[in-house]
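The block underneath contains the structure these notes are about, expressed in structure tokens.
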Amino acid sequence: MLSSRHLLILLLLAAVLVPAAAEAAAPSGEVTVRRGAEGTPHINATTWEGLGYGFARSHAEDNLCVLADMYMTVRAERSRYLGPDGTYPIRNTATTPNNLNSDFFWARVAQDRVVEKLVEQKYPLGPDDRIREGVRGYVEGYNDFIREEAPKSKDPACAGKPWVQPIEEIDVYRRFHQLSLLASQMAALDGIGGAQPPTPPVPMGQPRAEDAAAAVLPGEVDRRLHEHGVGSNAIALGRDATDNGKGMLLGNPHQPWQGSERFYQSHLTIPGQLDVTGGSLYGVPIINIGFNRDLAWSHTVSTARRFAIYELQLVPGSPTTYIVDGQPREMKRTELTVQARKADGTLEPRTRTLYATDKGPIVTSLVGLPLFPWTSARAFTMFDANADNFGRLLNHFFETNQAKSVPELEGILKKHLGIPWVNTIAADRAGDALYADIGSVPGVPDAKIASCSTPVGQGLDRAQRIQVLDGTKTSCDPDTAPGAPSPRIMPASAQPSLKRGDYTENSNDSYWLSHAKQRLEGFPRIIGEERTTRSLRTRLGFRIIEDELAGGGKFTQRELQDAMFNNRQFAAELWRDELVAMCRQSPG
């Protein structure tokens, strides 16, 4: 039976997409779901609540076990149901957090009402009221599916599992918060949820952060982020590069194929208000990468660091007291209790105290690397530019779904600074092509890096482009710039973008070369490097585009599609002639 508040019509078609046979009104409006031959849900509703309802029903039908596991995580219940010693993968960061550490992280989020406070804010810092309506419908749709269909499930991953439960709106909002933190606190989840002061206070042979940093291979942080999970390629073509004079976009996202960080494809329509198609990260009833009638956009993982680490000087004999401007400050303590399943199936309480400063949580590791040991002399805290990037993030994508042009999208980017960890590449019907790395970045200009980097920071900056700044001086805090929508983040005017009539391209290198013949220079180092070698993927992308445009050539839609599936290997092309010559000189 369907909810008395909704009517959901599901027609699974074997071949072509045809209109649903009938629709009926419900208090929240009408919602119709039809599926194409490939299974993509086409969700048509008359209200935002109805759209959220239809999206959730479709999503749960296709991916119930992954969604239920995801909500168990943000409810801090992994240890309760799966045991405290287990782990789970966050593929974007190549990490496998421990269940208990994860639960303590999310228990603090709940106990401190972190997400509740973010939700309570008014637009533009809080979500647009229509987003709230959509979330309300999403919860109703998911819970109706849990009640009506989950008991029939035979999926061995979650059939009959006690953690497959109805959800509340706060669970959905915490999932949004989790996604915003993927390139910052989620990359350090074990190092935050497991951070504890040294015992005894003055240990013998305490570890040194300098040694830990020196032991990590140069570029290892980026390798873990980009080579083990996420990346992406994207090309935006403008009027001067296409056969019909309109924009064209190739989006090739490299999000994982497994787990909750992958994409769910759908087509969302409210007549007269919304008609957008594309992919959404799991649990997000808004299109993250897609197109509407006038605009197409994609994303690639940005090189910008979304966090800065601050090195604290501790008071001797008190490893939870630190010095700022010559005065002692006590770390904020949050005492937490979670339930953990024992081997015999019974539950026992586990307790832990987590610590934080005014800049953020105490952290000991990043992407699984023990870079920041907490000793009797020093500790490290993470300033996360996405810690309060909640409504800005949601409003950005909600408004992008309805945007009609590249200039409008560029305005949305600059207004909200809501992009959490990706570049934006877009093209529109008028033939404009855009690249932008405009989002939520710490307000740490190069002058502050030069004056505030600690010795640990200098080493990590050279090897990993990770900023570790002096936490003993308020003058080293992130800047708050006029015009920025949130404190301590970089204004849009200091972030790179490029709009052209021919093309823009990105394959996870920095903004510096987003077009083969136009450089973007003079931007803060925390966003990315300039005048450095570009990757083989970036260079091949430029080669494909420039070869096609040479002599006045233009791309057709088929030719751009072929560029995606051409199977070219640029390293082989670079080495082929020398390799053949060597083989001929040395036969056998």
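In the structure tokens, each chain is lettered A, B, ... as it comes, each chain's residues begin at 1, and ligands are numbered from 1 in order of appearance.
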ask   = Which neighbours of region 532-544 of chain A fall inside 9 Å, counting only C-alpha atoms, when residues of the same chain fewer than 5 positions from it are skipped, and could you give them as a list in words?
value = Asn233, Ala234, Ile235, Glu505, Asn506, Ser507, Asn508, Asp509, Ser510, Trp512, Leu513, Ser514, His515, Ala516, Leu549, Ala563, Arg568, Gln569, Phe570 and Ala571 of chain A
Using DSSP on the backbone, list every residue of region 162-307 of chain A that comes out as alpha helix (DSSP H), and give them as a compact mmCIF listing (two decimals) with all heavy atoms, in the first residue's frame.
```
# COMPACT_ATOMS: atom_id res chain seq x y z
N GLU A 169 14.43 13.46 9.34
CA GLU A 169 15.00 14.50 8.49
C GLU A 169 16.45 14.79 8.86
O GLU A 169 17.29 15.05 8.00
CB GLU A 169 14.16 15.78 8.57
CG GLU A 169 12.81 15.65 7.89
CD GLU A 169 11.98 16.92 7.97
OE1 GLU A 169 12.59 18.02 8.07
OE2 GLU A 169 10.74 16.83 7.96
N ILE A 170 16.77 14.74 10.16
CA ILE A 170 18.14 15.06 10.57
C ILE A 170 19.13 14.05 10.01
O ILE A 170 20.29 14.39 9.74
CB ILE A 170 18.24 15.14 12.11
CG1 ILE A 170 19.56 15.80 12.53
CG2 ILE A 170 18.06 13.77 12.75
CD1 ILE A 170 19.74 17.22 12.04
N ASP A 171 18.70 12.80 9.78
CA ASP A 171 19.59 11.81 9.17
C ASP A 171 19.95 12.22 7.75
O ASP A 171 21.10 12.07 7.32
CB ASP A 171 18.92 10.43 9.16
CG ASP A 171 18.64 9.91 10.55
OD1 ASP A 171 19.49 10.09 11.43
OD2 ASP A 171 17.57 9.31 10.75
N VAL A 172 18.98 12.72 7.01
CA VAL A 172 19.23 13.16 5.64
C VAL A 172 20.17 14.36 5.65
O VAL A 172 21.12 14.44 4.86
CB VAL A 172 17.90 13.52 4.94
CG1 VAL A 172 18.16 14.00 3.51
CG2 VAL A 172 16.97 12.32 4.93
N TYR A 173 19.92 15.30 6.55
CA TYR A 173 20.79 16.47 6.63
C TYR A 173 22.20 16.10 7.07
O TYR A 173 23.18 16.69 6.60
CB TYR A 173 20.19 17.51 7.58
CG TYR A 173 18.98 18.22 7.01
CD1 TYR A 173 17.77 18.22 7.69
CD2 TYR A 173 19.06 18.91 5.81
CE1 TYR A 173 16.66 18.89 7.18
CE2 TYR A 173 17.96 19.57 5.29
CZ TYR A 173 16.76 19.56 5.98
OH TYR A 173 15.68 20.23 5.47
N ARG A 174 22.34 15.12 7.96
CA ARG A 174 23.69 14.69 8.36
C ARG A 174 24.41 14.02 7.19
O ARG A 174 25.64 14.13 7.08
CB ARG A 174 23.61 13.76 9.57
CG ARG A 174 23.32 14.49 10.87
CD ARG A 174 23.16 13.56 12.04
NE ARG A 174 22.79 14.32 13.24
CZ ARG A 174 22.07 13.84 14.24
NH1 ARG A 174 21.64 12.58 14.21
NH2 ARG A 174 21.77 14.59 15.28
N ARG A 175 23.68 13.34 6.35
CA ARG A 175 24.30 12.79 5.14
C ARG A 175 24.84 13.92 4.25
O ARG A 175 25.95 13.83 3.73
CB ARG A 175 23.30 11.93 4.37
CG ARG A 175 23.72 11.55 2.95
CD ARG A 175 25.02 10.78 2.92
NE ARG A 175 25.34 10.33 1.57
CZ ARG A 175 26.49 9.81 1.21
NH1 ARG A 175 27.47 9.65 2.10
NH2 ARG A 175 26.71 9.41 -0.03
N PHE A 176 24.07 14.99 4.09
CA PHE A 176 24.56 16.13 3.32
C PHE A 176 25.86 16.66 3.94
O PHE A 176 26.82 16.98 3.23
CB PHE A 176 23.53 17.26 3.30
CG PHE A 176 22.22 16.92 2.65
CD1 PHE A 176 21.09 17.69 2.90
CD2 PHE A 176 22.09 15.85 1.78
CE1 PHE A 176 19.88 17.41 2.31
CE2 PHE A 176 20.87 15.55 1.18
CZ PHE A 176 19.76 16.34 1.45
N HIS A 177 25.88 16.78 5.26
CA HIS A 177 27.06 17.27 5.97
C HIS A 177 28.25 16.33 5.74
O HIS A 177 29.38 16.79 5.51
CB HIS A 177 26.74 17.37 7.46
CG HIS A 177 27.81 17.99 8.30
ND1 HIS A 177 28.32 19.25 8.08
CD2 HIS A 177 28.49 17.50 9.38
CE1 HIS A 177 29.24 19.53 8.98
NE2 HIS A 177 29.38 18.49 9.78
N GLN A 178 28.01 15.04 5.78
CA GLN A 178 29.06 14.06 5.54
C GLN A 178 29.69 14.27 4.17
O GLN A 178 30.92 14.26 4.02
CB GLN A 178 28.48 12.65 5.64
CG GLN A 178 29.48 11.53 5.42
CD GLN A 178 28.81 10.17 5.36
OE1 GLN A 178 27.75 10.02 4.72
NE2 GLN A 178 29.38 9.19 6.03
N LEU A 179 28.87 14.49 3.16
CA LEU A 179 29.39 14.68 1.80
C LEU A 179 30.19 15.98 1.69
O LEU A 179 31.19 16.03 0.96
CB LEU A 179 28.25 14.66 0.79
CG LEU A 179 27.60 13.29 0.56
CD1 LEU A 179 26.35 13.43 -0.29
CD2 LEU A 179 28.59 12.34 -0.10
N SER A 180 29.78 17.02 2.39
CA SER A 180 30.51 18.28 2.30
C SER A 180 31.90 18.15 2.89
O SER A 180 32.82 18.88 2.52
CB SER A 180 29.73 19.39 3.02
OG SER A 180 29.82 19.27 4.42
N LEU A 189 39.02 10.96 9.43
CA LEU A 189 38.01 10.51 10.38
C LEU A 189 38.62 9.72 11.54
O LEU A 189 38.31 9.98 12.71
CB LEU A 189 36.94 9.69 9.66
CG LEU A 189 35.58 9.59 10.34
CD1 LEU A 189 34.49 9.35 9.31
CD2 LEU A 189 35.54 8.51 11.38
N ASP A 190 39.51 8.77 11.25
CA ASP A 190 40.18 8.04 12.33
C ASP A 190 41.02 8.98 13.18
O ASP A 190 41.11 8.82 14.40
CB ASP A 190 41.06 6.93 11.76
CG ASP A 190 40.30 5.62 11.58
OD1 ASP A 190 39.37 5.35 12.36
OD2 ASP A 190 40.65 4.86 10.65
N GLY A 191 41.65 9.94 12.52
CA GLY A 191 42.52 10.86 13.25
C GLY A 191 41.78 11.89 14.06
O GLY A 191 42.39 12.60 14.87
N ILE A 192 40.47 12.00 13.88
CA ILE A 192 39.64 12.89 14.70
C ILE A 192 38.88 12.08 15.75
O ILE A 192 38.93 12.37 16.94
CB ILE A 192 38.67 13.70 13.81
CG1 ILE A 192 39.45 14.64 12.90
CG2 ILE A 192 37.68 14.48 14.67
CD1 ILE A 192 38.59 15.35 11.87
N GLY A 193 38.17 11.04 15.28
CA GLY A 193 37.38 10.24 16.21
C GLY A 193 38.21 9.45 17.19
O GLY A 193 37.72 9.06 18.26
N ALA A 209 56.38 15.20 14.95
CA ALA A 209 55.65 15.44 13.72
C ALA A 209 56.61 15.60 12.54
O ALA A 209 56.30 15.19 11.41
CB ALA A 209 54.79 16.69 13.88
N GLU A 210 57.79 16.19 12.77
CA GLU A 210 58.76 16.35 11.68
C GLU A 210 59.15 15.00 11.10
O GLU A 210 59.28 14.84 9.88
CB GLU A 210 60.00 17.09 12.19
CG GLU A 210 59.77 18.55 12.56
CD GLU A 210 59.35 18.71 14.02
OE1 GLU A 210 58.85 17.72 14.60
OE2 GLU A 210 59.51 19.82 14.56
N ASP A 211 59.36 14.01 11.98
CA ASP A 211 59.74 12.68 11.51
C ASP A 211 58.60 12.02 10.75
O ASP A 211 58.82 11.36 9.72
CB ASP A 211 60.15 11.81 12.70
CG ASP A 211 61.38 12.36 13.42
OD1 ASP A 211 62.16 13.09 12.78
OD2 ASP A 211 61.53 12.08 14.63
N ALA A 212 57.39 12.18 11.28
CA ALA A 212 56.24 11.58 10.61
C ALA A 212 56.05 12.18 9.22
O ALA A 212 55.79 11.47 8.25
CB ALA A 212 54.98 11.78 11.46
N ALA A 213 56.20 13.49 9.10
CA ALA A 213 56.03 14.15 7.81
C ALA A 213 57.12 13.74 6.83
O ALA A 213 56.86 13.49 5.65
CB ALA A 213 56.02 15.66 7.99
N ALA A 214 58.35 13.64 7.32
CA ALA A 214 59.47 13.29 6.44
C ALA A 214 59.38 11.87 5.93
O ALA A 214 59.94 11.54 4.88
CB ALA A 214 60.79 13.50 7.19
N GLU A 220 52.15 11.91 -1.70
CA GLU A 220 51.39 10.74 -1.27
C GLU A 220 49.94 11.08 -0.95
O GLU A 220 49.04 10.29 -1.22
CB GLU A 220 52.05 10.09 -0.06
CG GLU A 220 51.35 8.84 0.46
CD GLU A 220 51.34 7.69 -0.54
OE1 GLU A 220 52.14 7.70 -1.50
OE2 GLU A 220 50.52 6.77 -0.34
N VAL A 221 49.71 12.24 -0.36
CA VAL A 221 48.33 12.62 -0.04
C VAL A 221 47.49 12.71 -1.30
O VAL A 221 46.38 12.16 -1.38
CB VAL A 221 48.31 13.95 0.73
CG1 VAL A 221 46.87 14.46 0.88
CG2 VAL A 221 48.95 13.77 2.10
N ASP A 222 48.01 13.38 -2.33
CA ASP A 222 47.25 13.47 -3.58
C ASP A 222 47.09 12.11 -4.25
O ASP A 222 46.05 11.83 -4.86
CB ASP A 222 47.93 14.44 -4.56
CG ASP A 222 47.63 15.88 -4.21
OD1 ASP A 222 46.52 16.15 -3.73
OD2 ASP A 222 48.51 16.74 -4.41
```
Report task. Using DSSP on the backbone coordinates, identify all residues within region 29-213 of chain A classified as strand (DSSP E or B); present the result as a PyMOL selection string. Result -> chain A and resi 31-35+41-45+87+90+95+98
If you count only C-alpha atoms, the residue of A:Thr334, A:Ser260, A:Gln327, A:Ser153 closest to Val109 (chain A) turns out to be A:Thr334
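Taking CA of Asn395 (chain A) and CA of Arg130 (chain A) as endpoints, the distance between them is 9.8 Å.
When only C-alpha atoms are used to compute distances to Glu348 (chain A), the closest of the residues A:Arg80, A:Arg147, A:Lys122, A:Lys517 turns out to be A:Arg80.
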Using only C-alpha atoms, the shortest atom-to-atom distance to Ser497 (chain A) among A:Gly411, A:Gly317, A:Gly126, A:Pro285 belongs to A:Gly411
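Minimum atom-to-atom distances from A:Gln585, A:Ser298, A:Ser280, A:Ser266 to Ser232 (chain A) were compared using only C-alpha atoms, and the lowest value belongs to A:Ser298.
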Name the residues in contact with Gly83 (chain A) at a cut-off of 10 Å, using only C-alpha atoms, excluding same-chain residues fewer than 5 positions from it; report them as a PDB file with N, CA, C and O atoms, in the first residue's frame.
```
ATOM      1  N   GLU A  77      25.894   4.450  14.731  1.00  0.00           N
ATOM      2  CA  GLU A  77      25.407   3.144  15.189  1.00  0.00           C
ATOM      3  C   GLU A  77      26.132   1.967  14.551  1.00  0.00           C
ATOM      4  O   GLU A  77      25.661   0.828  14.627  1.00  0.00           O
ATOM      5  N   ARG A  78      27.277   2.184  13.966  1.00  0.00           N
ATOM      6  CA  ARG A  78      27.995   1.068  13.351  1.00  0.00           C
ATOM      7  C   ARG A  78      28.464   0.070  14.415  1.00  0.00           C
ATOM      8  O   ARG A  78      28.377  -1.145  14.221  1.00  0.00           O
ATOM      9  N   ASN A  98      37.715   3.015  11.341  1.00  0.00           N
ATOM     10  CA  ASN A  98      37.261   2.073  12.346  1.00  0.00           C
ATOM     11  C   ASN A  98      35.844   2.445  12.786  1.00  0.00           C
ATOM     12  O   ASN A  98      35.525   3.622  12.944  1.00  0.00           O
ATOM     13  N   ASN A  99      34.977   1.442  12.991  1.00  0.00           N
ATOM     14  CA  ASN A  99      33.589   1.710  13.368  1.00  0.00           C
ATOM     15  C   ASN A  99      33.474   2.559  14.626  1.00  0.00           C
ATOM     16  O   ASN A  99      32.660   3.486  14.688  1.00  0.00           O
ATOM     17  N   LEU A 100      34.281   2.238  15.645  1.00  0.00           N
ATOM     18  CA  LEU A 100      34.163   2.964  16.897  1.00  0.00           C
ATOM     19  C   LEU A 100      34.618   4.409  16.745  1.00  0.00           C
ATOM     20  O   LEU A 100      33.967   5.335  17.259  1.00  0.00           O
ATOM     21  N   GLN A 339      27.007   2.763  21.991  1.00  0.00           N
ATOM     22  CA  GLN A 339      26.781   1.356  22.298  1.00  0.00           C
ATOM     23  C   GLN A 339      27.557   0.477  21.319  1.00  0.00           C
ATOM     24  O   GLN A 339      27.559   0.731  20.113  1.00  0.00           O
ATOM     25  N   ALA A 340      28.225  -0.538  21.853  1.00  0.00           N
ATOM     26  CA  ALA A 340      29.038  -1.438  21.027  1.00  0.00           C
ATOM     27  C   ALA A 340      28.608  -2.875  21.249  1.00  0.00           C
ATOM     28  O   ALA A 340      28.353  -3.299  22.392  1.00  0.00           O
ATOM     29  N   ARG A 341      28.515  -3.614  20.166  1.00  0.00           N
ATOM     30  CA  ARG A 341      28.110  -5.021  20.227  1.00  0.00           C
ATOM     31  C   ARG A 341      29.296  -5.896  20.613  1.00  0.00           C
ATOM     32  O   ARG A 341      30.366  -5.807  20.008  1.00  0.00           O
ATOM     33  N   LYS A 342      29.090  -6.737  21.616  1.00  0.00           N
ATOM     34  CA  LYS A 342      30.116  -7.681  22.031  1.00  0.00           C
ATOM     35  C   LYS A 342      29.980  -8.975  21.233  1.00  0.00           C
ATOM     36  O   LYS A 342      29.027  -9.175  20.476  1.00  0.00           O
ATOM     37  N   ALA A 343      30.939  -9.872  21.394  1.00  0.00           N
ATOM     38  CA  ALA A 343      30.949 -11.122  20.632  1.00  0.00           C
ATOM     39  C   ALA A 343      29.697 -11.962  20.884  1.00  0.00           C
ATOM     40  O   ALA A 343      29.235 -12.683  20.007  1.00  0.00           O
ATOM     41  N   GLY A 345      26.753 -10.816  21.293  1.00  0.00           N
ATOM     42  CA  GLY A 345      25.581 -10.122  20.789  1.00  0.00           C
ATOM     43  C   GLY A 345      24.996  -9.094  21.730  1.00  0.00           C
ATOM     44  O   GLY A 345      24.118  -8.321  21.324  1.00  0.00           O
ATOM     45  N   LEU A 347      25.076  -5.658  24.217  1.00  0.00           N
ATOM     46  CA  LEU A 347      25.639  -4.327  24.027  1.00  0.00           C
ATOM     47  C   LEU A 347      26.317  -3.849  25.291  1.00  0.00           C
ATOM     48  O   LEU A 347      25.889  -4.172  26.404  1.00  0.00           O
TER      49      LEU A 347
END
```
